[in-house]
Amino acid sequence: MAGLPEPPAFANAAIAVIAAADPILSTPAVAPGAVDLAAVGRESRQKRKISDVLNDNPSGVTVEELGLAACREVVAIAEAAPDAVLPPWFQLALQAAIDAALPAVVNAALPGAINAALPTAIDAALPTAIDAALPAAIDAALPAAINAALPAAINAALPVAIDAALPAAIGATLPAAIDAAIDAALPAAIDVALPAAMDAALPAAVNVALPAVVNAALPAAIGTALGPTHAMVANIQIHRHNRLWLHAQSGFTFRRPSKHVKGFAEAPPIPEMAPPNGMPADIESILNGPPPAPGVDVVPPPALPFMNDATTEITQAEIGYLAMWYNDTFGIEAGDNHMLQLHKLRVWLCGS
């Protein structure tokens, strides 16, 4: 949101004095983000009053000052009520961009979400897995442990005193043997029990962790996917400003719109627009060079032929050069004659 700067003073000194005391002719500046419907109303009233002054006293205000008031009204509408000026397909384009971006975002976010959730899932599942596995591990290991430990214990204790030593010998040897057997059997038992426990616990843990990861990554992905839509909206704004600018000028001079599509087209839209005797060297060097990045200040180089006013005509081949540079067909189709091609180019330059 750019807001509205304070409008410049009127060129006519007498009108400037009147405007200083007239709240309709002199609208205030509005900070970025603060443009509302009241600001739209003030700008609309100022435009109508300037138009009335121009009709009654052409020497009082200029058509340029009326054009500036019209531009301020359009900017106010675009900031206060963007839904009123956005094309009806914008919401569909936004939903399509989100649908296109979401799978990539989820695929990118899922490993991080699993890594974040896995320690918690293991911590939650391990006690249950151990409790489930321990009795079976003990039942499987205890007989072998006793059979392995008992002969040595008896043989060590018997010569001294079977009756006095045997209980103490068994008590000293048996726990360590049982612990060793459990340590040997427990990992395999956990491997058997843990996957099922994790399958039960992991979805809930991922559901807790995944939204935050997706929310962090989704805006950038949507911004990338909406790039073509933003370019289309920028083109609509270029057409709107071109049309306002054209009606505020004498002589109907065309503005050179900025480049808003990447790259150069490989050929004109239809064969009839191809140069009959080959492309001039200076234009060929431009279209074979690196294309500029789209932007608001990027316009065709002077070497490309251009219509300077509403009566200027250029050839079909020259229209083809512009179509290749802008990477846009201007709506021209096969079968369009020269005059129809010129008309479609003029509409593209100034908006429909």
# chains A, B, ... in the order shown; residues from 1 in each chain; ligands from 1
call {"tool": "residues_around", "arguments": {"residues": "Pro203 in chain A", "least_positions_apart": "2", "cutoff": "12 Å", "atoms": "only C-alpha atoms", "output": "PyMOL selection string"}}
result
chain A and resi 110+113-114+117-118+120-121+197-201+205-210
call {"tool": "residues_around", "arguments": {"residues": "Met279 in chain A", "least_positions_apart": "4", "cutoff": "9 Å", "atoms": "only C-alpha atoms", "output": "list in words"}}
result
Ala274, Pro275, Ile283, Glu284, Ala317 and Tyr321 of chain A
call {"tool": "residues_around", "arguments": {"residues": "Ala19 in chain A", "least_positions_apart": "5", "cutoff": "12 Å", "atoms": "only C-alpha atoms", "output": "ChimeraX atom specification"}}
result
/A:7-14,24-28,46,49-50,53,60-61
call {"tool": "residues_around", "arguments": {"residues": "Met307 in chain A", "least_positions_apart": "3", "cutoff": "10 Å", "atoms": "only C-alpha atoms", "output": "list in words"}}
result
Thr253, Phe254, Arg255, Arg256, Ala310, Thr311, Thr312, Glu313, Ile314, Glu318, Ile319, Leu342, Leu345, Arg346 and Leu349 of chain A
call {"tool": "select_by_dssp", "arguments": {"residues": "range 103-313 of chain A", "states": "helix (DSSP H, G or I)", "output": "ChimeraX atom specification"}}
result
/A:103-225,227-247,271-273,281-288
call {"tool": "closest_residue", "arguments": {"among": "A:Ala164, A:Ala193, A:Leu287, A:Ala39", "to": "Pro127 in chain A", "atoms": "only C-alpha atoms"}}
result
A:Ala193
call {"tool": "residues_around", "arguments": {"residues": "Asn215 in chain A", "least_positions_apart": "3", "cutoff": "12 Å", "atoms": "only C-alpha atoms", "output": "list of chain:residue names"}}
result
A:Leu102, A:Val105, A:Val106, A:Ala109, A:Ala113, A:Ala209, A:Leu210, A:Pro211, A:Ala212, A:Leu218, A:Pro219, A:Ala220, A:Ala221, A:Ile222
call {"tool": "write_last_selection", "arguments": {"atoms": "N, CA and C atoms", "output": "PDB file, in the first residue's frame"}}
result
ATOM      1  N   LEU A 102       0.836 -26.382  -2.782  1.00  0.00           N
ATOM      2  CA  LEU A 102       0.729 -27.096  -1.512  1.00  0.00           C
ATOM      3  C   LEU A 102       1.453 -28.435  -1.502  1.00  0.00           C
ATOM      4  N   VAL A 105       5.104 -27.935  -0.970  1.00  0.00           N
ATOM      5  CA  VAL A 105       5.386 -27.428   0.384  1.00  0.00           C
ATOM      6  C   VAL A 105       5.309 -28.559   1.396  1.00  0.00           C
ATOM      7  N   VAL A 106       4.256 -29.409   1.284  1.00  0.00           N
ATOM      8  CA  VAL A 106       4.111 -30.521   2.234  1.00  0.00           C
ATOM      9  C   VAL A 106       5.274 -31.489   2.081  1.00  0.00           C
ATOM     10  N   ALA A 109       8.219 -29.982   3.684  1.00  0.00           N
ATOM     11  CA  ALA A 109       8.119 -29.799   5.131  1.00  0.00           C
ATOM     12  C   ALA A 109       8.076 -31.118   5.886  1.00  0.00           C
ATOM     13  N   ALA A 113       9.244 -32.135   9.727  1.00  0.00           N
ATOM     14  CA  ALA A 113       8.223 -32.410  10.733  1.00  0.00           C
ATOM     15  C   ALA A 113       8.452 -33.771  11.386  1.00  0.00           C
ATOM     16  N   ALA A 209       3.184 -31.199  14.935  1.00  0.00           N
ATOM     17  CA  ALA A 209       4.360 -30.453  14.475  1.00  0.00           C
ATOM     18  C   ALA A 209       4.219 -29.905  13.063  1.00  0.00           C
ATOM     19  N   LEU A 210       3.448 -30.601  12.161  1.00  0.00           N
ATOM     20  CA  LEU A 210       3.443 -30.233  10.743  1.00  0.00           C
ATOM     21  C   LEU A 210       2.843 -28.860  10.460  1.00  0.00           C
ATOM     22  N   PRO A 211       1.713 -28.438  11.100  1.00  0.00           N
ATOM     23  CA  PRO A 211       1.146 -27.118  10.745  1.00  0.00           C
ATOM     24  C   PRO A 211       2.136 -25.974  10.878  1.00  0.00           C
ATOM     25  N   ALA A 212       2.934 -25.971  11.956  1.00  0.00           N
ATOM     26  CA  ALA A 212       3.874 -24.860  12.127  1.00  0.00           C
ATOM     27  C   ALA A 212       4.918 -24.845  11.023  1.00  0.00           C
ATOM     28  N   LEU A 218       4.834 -22.061   3.556  1.00  0.00           N
ATOM     29  CA  LEU A 218       3.812 -21.873   2.530  1.00  0.00           C
ATOM     30  C   LEU A 218       3.818 -20.485   1.893  1.00  0.00           C
ATOM     31  N   PRO A 219       3.982 -19.339   2.650  1.00  0.00           N
ATOM     32  CA  PRO A 219       3.933 -18.019   1.989  1.00  0.00           C
ATOM     33  C   PRO A 219       4.928 -17.879   0.852  1.00  0.00           C
ATOM     34  N   ALA A 220       6.192 -18.333   1.073  1.00  0.00           N
ATOM     35  CA  ALA A 220       7.186 -18.188   0.010  1.00  0.00           C
ATOM     36  C   ALA A 220       6.816 -19.031  -1.200  1.00  0.00           C
ATOM     37  N   ALA A 221       6.306 -20.242  -0.965  1.00  0.00           N
ATOM     38  CA  ALA A 221       5.928 -21.103  -2.091  1.00  0.00           C
ATOM     39  C   ALA A 221       4.761 -20.504  -2.866  1.00  0.00           C
ATOM     40  N   ILE A 222       3.760 -19.938  -2.130  1.00  0.00           N
ATOM     41  CA  ILE A 222       2.622 -19.298  -2.814  1.00  0.00           C
ATOM     42  C   ILE A 222       3.101 -18.089  -3.605  1.00  0.00           C
TER      43      ILE A 222
END
call {"tool": "atom_distance", "arguments": {"atom1": "CA of Ala323 in chain A", "atom2": "CA of Ala78 in chain A"}}
result
29.2 Å
call {"tool": "decode", "arguments": {"residues": "range 286-319 of chain A", "atoms": "N, CA and C atoms", "output": "PDB file, in the first residue's frame"}}
result
ATOM      1  N   ILE A 286      19.425  -6.836 -31.255  1.00  0.00           N
ATOM      2  CA  ILE A 286      18.670  -6.640 -30.004  1.00  0.00           C
ATOM      3  C   ILE A 286      17.968  -7.931 -29.608  1.00  0.00           C
ATOM      4  N   LEU A 287      17.248  -8.565 -30.571  1.00  0.00           N
ATOM      5  CA  LEU A 287      16.451  -9.740 -30.253  1.00  0.00           C
ATOM      6  C   LEU A 287      17.301 -10.984 -30.057  1.00  0.00           C
ATOM      7  N   ASN A 288      18.567 -10.962 -30.512  1.00  0.00           N
ATOM      8  CA  ASN A 288      19.476 -12.082 -30.259  1.00  0.00           C
ATOM      9  C   ASN A 288      20.279 -11.887 -28.991  1.00  0.00           C
ATOM     10  N   GLY A 289      20.187 -10.695 -28.371  1.00  0.00           N
ATOM     11  CA  GLY A 289      20.925 -10.418 -27.148  1.00  0.00           C
ATOM     12  C   GLY A 289      20.169 -10.888 -25.927  1.00  0.00           C
ATOM     13  N   PRO A 290      20.727 -10.661 -24.736  1.00  0.00           N
ATOM     14  CA  PRO A 290      20.040 -11.072 -23.510  1.00  0.00           C
ATOM     15  C   PRO A 290      18.813 -10.202 -23.256  1.00  0.00           C
ATOM     16  N   PRO A 291      17.643 -10.803 -23.002  1.00  0.00           N
ATOM     17  CA  PRO A 291      16.443  -9.989 -22.739  1.00  0.00           C
ATOM     18  C   PRO A 291      16.516  -9.349 -21.357  1.00  0.00           C
ATOM     19  N   PRO A 292      15.963  -8.147 -21.201  1.00  0.00           N
ATOM     20  CA  PRO A 292      15.957  -7.526 -19.875  1.00  0.00           C
ATOM     21  C   PRO A 292      14.937  -8.190 -18.974  1.00  0.00           C
ATOM     22  N   ALA A 293      15.176  -8.083 -17.667  1.00  0.00           N
ATOM     23  CA  ALA A 293      14.178  -8.568 -16.715  1.00  0.00           C
ATOM     24  C   ALA A 293      12.971  -7.640 -16.738  1.00  0.00           C
ATOM     25  N   PRO A 294      11.736  -8.191 -16.620  1.00  0.00           N
ATOM     26  CA  PRO A 294      10.549  -7.326 -16.620  1.00  0.00           C
ATOM     27  C   PRO A 294      10.598  -6.316 -15.491  1.00  0.00           C
ATOM     28  N   GLY A 295      10.025  -5.147 -15.701  1.00  0.00           N
ATOM     29  CA  GLY A 295      10.008  -4.106 -14.678  1.00  0.00           C
ATOM     30  C   GLY A 295       9.249  -2.893 -15.141  1.00  0.00           C
ATOM     31  N   VAL A 296       8.976  -1.978 -14.203  1.00  0.00           N
ATOM     32  CA  VAL A 296       8.161  -0.814 -14.530  1.00  0.00           C
ATOM     33  C   VAL A 296       8.903   0.209 -15.377  1.00  0.00           C
ATOM     34  N   ASP A 297      10.225   0.189 -15.392  1.00  0.00           N
ATOM     35  CA  ASP A 297      10.988   1.173 -16.160  1.00  0.00           C
ATOM     36  C   ASP A 297      11.660   0.562 -17.383  1.00  0.00           C
ATOM     37  N   VAL A 298      11.269  -0.652 -17.786  1.00  0.00           N
ATOM     38  CA  VAL A 298      11.908  -1.332 -18.919  1.00  0.00           C
ATOM     39  C   VAL A 298      11.051  -1.100 -20.158  1.00  0.00           C
ATOM     40  N   VAL A 299      11.551  -0.350 -21.135  1.00  0.00           N
ATOM     41  CA  VAL A 299      10.807  -0.043 -22.355  1.00  0.00           C
ATOM     42  C   VAL A 299      11.636  -0.449 -23.564  1.00  0.00           C
ATOM     43  N   PRO A 300      10.988  -0.595 -24.740  1.00  0.00           N
ATOM     44  CA  PRO A 300      11.739  -1.020 -25.927  1.00  0.00           C
ATOM     45  C   PRO A 300      12.858  -0.031 -26.258  1.00  0.00           C
ATOM     46  N   PRO A 301      13.993  -0.536 -26.766  1.00  0.00           N
ATOM     47  CA  PRO A 301      15.067   0.371 -27.157  1.00  0.00           C
ATOM     48  C   PRO A 301      14.640   1.226 -28.355  1.00  0.00           C
ATOM     49  N   PRO A 302      15.274   2.389 -28.540  1.00  0.00           N
ATOM     50  CA  PRO A 302      14.869   3.300 -29.622  1.00  0.00           C
ATOM     51  C   PRO A 302      14.931   2.685 -31.010  1.00  0.00           C
ATOM     52  N   ALA A 303      15.771   1.659 -31.210  1.00  0.00           N
ATOM     53  CA  ALA A 303      15.902   1.076 -32.543  1.00  0.00           C
ATOM     54  C   ALA A 303      14.633   0.360 -32.999  1.00  0.00           C
ATOM     55  N   LEU A 304      13.767  -0.047 -32.083  1.00  0.00           N
ATOM     56  CA  LEU A 304      12.535  -0.731 -32.484  1.00  0.00           C
ATOM     57  C   LEU A 304      11.508   0.290 -32.952  1.00  0.00           C
ATOM     58  N   PRO A 305      10.898   0.144 -34.151  1.00  0.00           N
ATOM     59  CA  PRO A 305       9.868   1.086 -34.632  1.00  0.00           C
ATOM     60  C   PRO A 305       8.709   1.126 -33.651  1.00  0.00           C
ATOM     61  N   PHE A 306       8.092   2.313 -33.495  1.00  0.00           N
ATOM     62  CA  PHE A 306       7.026   2.473 -32.515  1.00  0.00           C
ATOM     63  C   PHE A 306       6.011   3.481 -33.024  1.00  0.00           C
ATOM     64  N   MET A 307       4.720   3.309 -32.659  1.00  0.00           N
ATOM     65  CA  MET A 307       3.686   4.291 -33.007  1.00  0.00           C
ATOM     66  C   MET A 307       3.756   5.444 -32.012  1.00  0.00           C
ATOM     67  N   ASN A 308       3.940   6.657 -32.500  1.00  0.00           N
ATOM     68  CA  ASN A 308       4.082   7.804 -31.612  1.00  0.00           C
ATOM     69  C   ASN A 308       2.751   8.482 -31.311  1.00  0.00           C
ATOM     70  N   ASP A 309       1.713   8.295 -32.151  1.00  0.00           N
ATOM     71  CA  ASP A 309       0.405   8.881 -31.854  1.00  0.00           C
ATOM     72  C   ASP A 309      -0.661   8.013 -32.500  1.00  0.00           C
ATOM     73  N   ALA A 310      -1.923   8.441 -32.336  1.00  0.00           N
ATOM     74  CA  ALA A 310      -3.045   7.610 -32.766  1.00  0.00           C
ATOM     75  C   ALA A 310      -3.139   7.482 -34.279  1.00  0.00           C
ATOM     76  N   THR A 311      -2.429   8.331 -35.038  1.00  0.00           N
ATOM     77  CA  THR A 311      -2.530   8.277 -36.497  1.00  0.00           C
ATOM     78  C   THR A 311      -1.320   7.603 -37.136  1.00  0.00           C
ATOM     79  N   THR A 312      -0.271   7.352 -36.354  1.00  0.00           N
ATOM     80  CA  THR A 312       0.942   6.744 -36.909  1.00  0.00           C
ATOM     81  C   THR A 312       0.656   5.288 -37.298  1.00  0.00           C
ATOM     82  N   GLU A 313       1.212   4.871 -38.427  1.00  0.00           N
ATOM     83  CA  GLU A 313       1.097   3.475 -38.834  1.00  0.00           C
ATOM     84  C   GLU A 313       2.493   2.904 -39.010  1.00  0.00           C
ATOM     85  N   ILE A 314       2.650   1.646 -38.595  1.00  0.00           N
ATOM     86  CA  ILE A 314       3.904   0.931 -38.831  1.00  0.00           C
ATOM     87  C   ILE A 314       3.571  -0.345 -39.590  1.00  0.00           C
ATOM     88  N   THR A 315       4.579  -0.937 -40.191  1.00  0.00           N
ATOM     89  CA  THR A 315       4.346  -2.099 -41.057  1.00  0.00           C
ATOM     90  C   THR A 315       4.038  -3.340 -40.226  1.00  0.00           C
ATOM     91  N   GLN A 316       3.558  -4.391 -40.949  1.00  0.00           N
ATOM     92  CA  GLN A 316       3.294  -5.655 -40.270  1.00  0.00           C
ATOM     93  C   GLN A 316       4.582  -6.217 -39.663  1.00  0.00           C
ATOM     94  N   ALA A 317       5.693  -6.124 -40.409  1.00  0.00           N
ATOM     95  CA  ALA A 317       6.957  -6.638 -39.885  1.00  0.00           C
ATOM     96  C   ALA A 317       7.373  -5.879 -38.630  1.00  0.00           C
ATOM     97  N   GLU A 318       7.153  -4.542 -38.620  1.00  0.00           N
ATOM     98  CA  GLU A 318       7.523  -3.748 -37.444  1.00  0.00           C
ATOM     99  C   GLU A 318       6.638  -4.099 -36.253  1.00  0.00           C
ATOM    100  N   ILE A 319       5.354  -4.407 -36.515  1.00  0.00           N
ATOM    101  CA  ILE A 319       4.506  -4.908 -35.427  1.00  0.00           C
ATOM    102  C   ILE A 319       5.076  -6.241 -34.922  1.00  0.00           C
TER     103      ILE A 319
END
